[in-house]
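Accompanying notes for the structure given below.
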Amino acid sequence: MDSIRSLFATPLLQTYLPVQDKILKFVESQEFVYHGNGHITSEDLLDNTQMHVVRDCITERVEEFVYGDCGISSEMEIELISSWANLHKKGDFAQIHSHYNSIISGVWYLTTTPKTGKFVVHSDHKLFGNLLDFPKRVYNEFNNDSYSFIPQNGDLIIFPSTLKHSVTHNEEDIDRFSIAFNYMLRGDMVNGKQTKVKL
Ligand SMILES: [Fe+2]
């Protein structure tokens, strides 16, 4: 029987973590710095005692993603290396980017509406090569080179740090808060019979 296979897929976990009022208030009380198209806090947000419950819940989901969905050996340890809050006011956005010096990244949405910005992921590879963009009869998982969705409050998205992503403009006069984070995998990897690579 004929079959078409989707090879070398990119995993992206969409899960949910309810947003508590006290967490939102704490995030809103942080100092934000404008960086040109949005506002961010310092990069140790989840290290604050008030955020430890959130940090532990996110870490649990990251572990499920890495060990469960991605099938990575539990010999590799997961470590949170940075976390910060994003504030998008009306007109703010995030350009296409990926997260360097990190293995797993993600974002948790605290205050969002259908018009405060879509989350868009971008593929590095067009179906038949990056120089040719053929017109499509239909869009599907093979020929799409971007995918977007409208996040809702409490949505938690986890993905490989190499995955390119962006956020469209906030079209509403509402402050859009989210928390982003980077995790590292640490441990020894073998390259050949004798060479060990330590991360
Ligand atoms: Fe990002």
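Ligands are numbered from 1 in the order shown, chains are lettered A, B, ... in the order of the structure tokens, and residues start at 1 in each chain.
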
Residues flagged helix (DSSP H, G or I) by DSSP in region 38-185 of chain A, as a VMD selection string: chain A and resid 45 to 47 49 to 69

Given a cut-off of 8 Å, what residues near ligand 1 show up using only C-alpha atoms and all ligand atoms, put as an NGL selection string? :A and (94 or 97-99 or 105-107 or 164-166 or 180)

Hey, what's within 10 Å of region 44-52 of chain A if we count only C-alpha atoms and toss same-chain stuff fewer than 3 positions away? As a list in words, please?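 Final neighbour list, sorted by chain and number: Lys22, Ile23, Phe26, Val27, Gln30, Thr41, Arg55, Asp56, Cys57, Ile58, Leu80, Ile81, Ser82, Ser83, Trp84, Ala85, Ile179, Ala180 and Phe181 of chain A.
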
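Shell of Phe93 (chain A) at 6 Å, with only C-alpha atoms counted and residues fewer than 6 places along the chain excluded, is A:Asn37, A:Val167, A:Thr168, A:His169.
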
Got time to write the residues from that selection, C-alpha atoms, as a short mmCIF file (atom, residue, chain, number, x, y, z; two decimals), in the first residue's frame?
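Here's the written file out.cif:
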```cif
data_model
loop_
_atom_site.label_atom_id
_atom_site.label_comp_id
_atom_site.auth_asym_id
_atom_site.auth_seq_id
_atom_site.Cartn_x
_atom_site.Cartn_y
_atom_site.Cartn_z
CA ASN A 37 10.77 46.60 19.44
CA VAL A 167 6.02 37.42 17.08
CA THR A 168 3.76 39.65 15.02
CA HIS A 169 2.86 43.20 16.08
#
```

Report, in Å to a single decimal, how far apart CA of Pro11 (chain A) and CA of Asn153 (chain A) are.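 These atoms are spaced 21.5 Å apart.
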
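The list of residues with at least one atom within 8 Å of Leu87 (chain A), based on only C-alpha atoms and without residues fewer than 3 positions apart in the same chain, reads Phe32, Gly38, His39, Ile40, Asp175, Arg176, Phe177 and Ser178 of chain A.
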
Written selection (N, CA and C atoms) as a short mmCIF file (atom, residue, chain, number, x, y, z; two decimals), in the first residue's frame:
```
data_model
loop_
_atom_site.label_atom_id
_atom_site.label_comp_id
_atom_site.auth_asym_id
_atom_site.auth_seq_id
_atom_site.Cartn_x
_atom_site.Cartn_y
_atom_site.Cartn_z
N PHE A 32 11.44 46.72 33.40
CA PHE A 32 11.56 46.35 31.98
C PHE A 32 12.39 47.40 31.25
N GLY A 38 10.46 45.99 21.76
CA GLY A 38 9.77 45.36 22.88
C GLY A 38 10.54 45.67 24.15
N HIS A 39 10.04 45.14 25.28
CA HIS A 39 10.66 45.42 26.58
C HIS A 39 10.98 44.09 27.26
N ILE A 40 12.16 44.01 27.93
CA ILE A 40 12.52 42.78 28.62
C ILE A 40 13.07 43.08 30.02
N ASP A 175 -1.14 45.54 27.37
CA ASP A 175 0.21 45.04 27.63
C ASP A 175 0.22 43.51 27.56
N ARG A 176 1.10 43.00 26.74
CA ARG A 176 1.19 41.55 26.55
C ARG A 176 2.44 41.04 27.27
N PHE A 177 2.21 40.27 28.33
CA PHE A 177 3.34 39.73 29.09
C PHE A 177 3.54 38.26 28.76
N SER A 178 4.79 37.87 28.61
CA SER A 178 5.14 36.46 28.48
C SER A 178 6.48 36.23 29.16
#
```

Of A:Tyr147, A:Tyr183, A:Phe128, A:Phe8, the one nearest to Ile103 (chain A) when counting only C-alpha atoms is A:Tyr183

Going by DSSP on the backbone, which residues of region 10-193 of chain A come out as strand (DSSP E)? List them as a VMD selection string. chain A and resid 13 to 16 33 to 34 39 to 40 77 to 88 94 to 97 104 to 111 119 to 122 146 to 149 155 to 160 164 to 167 176 to 186 188 to 191

I want to know what sits within 7 Å of Leu199 (chain A), based on only C-alpha atoms, with residues of the same chain fewer than 3 positions away left out; could you give that as a list of chain:residue names? A:Arg186, A:Gly187, A:Asp188

Saved selection, atoms kept: C-alpha atoms, as a PDB file, in the first residue's frame:
```pdb
ATOM      1  CA  ARG A 186      24.695  18.771  30.339  1.00  0.00           C
ATOM      2  CA  GLY A 187      26.658  15.540  30.425  1.00  0.00           C
ATOM      3  CA  ASP A 188      29.225  13.509  28.533  1.00  0.00           C
TER       4      ASP A 188
END
```

Point out the residue among A:Val62, A:Val197, A:Met76, A:Val33 with the least atom-to-atom distance to Pro160 (chain A), counting only C-alpha atoms.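 Answer, going by the shortest atom-to-atom distance: A:Val62.
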
Using only C-alpha atoms, the best pick from A:Glu43, A:Asp124, A:Ile72, A:Gly154 as closest to Gln20 (chain A) would be A:Gly154

From the list A:Gly71, A:Asn144, A:Lys136, A:Asn170, the nearest residue to Pro114 (chain A) using only C-alpha atoms is A:Asn170
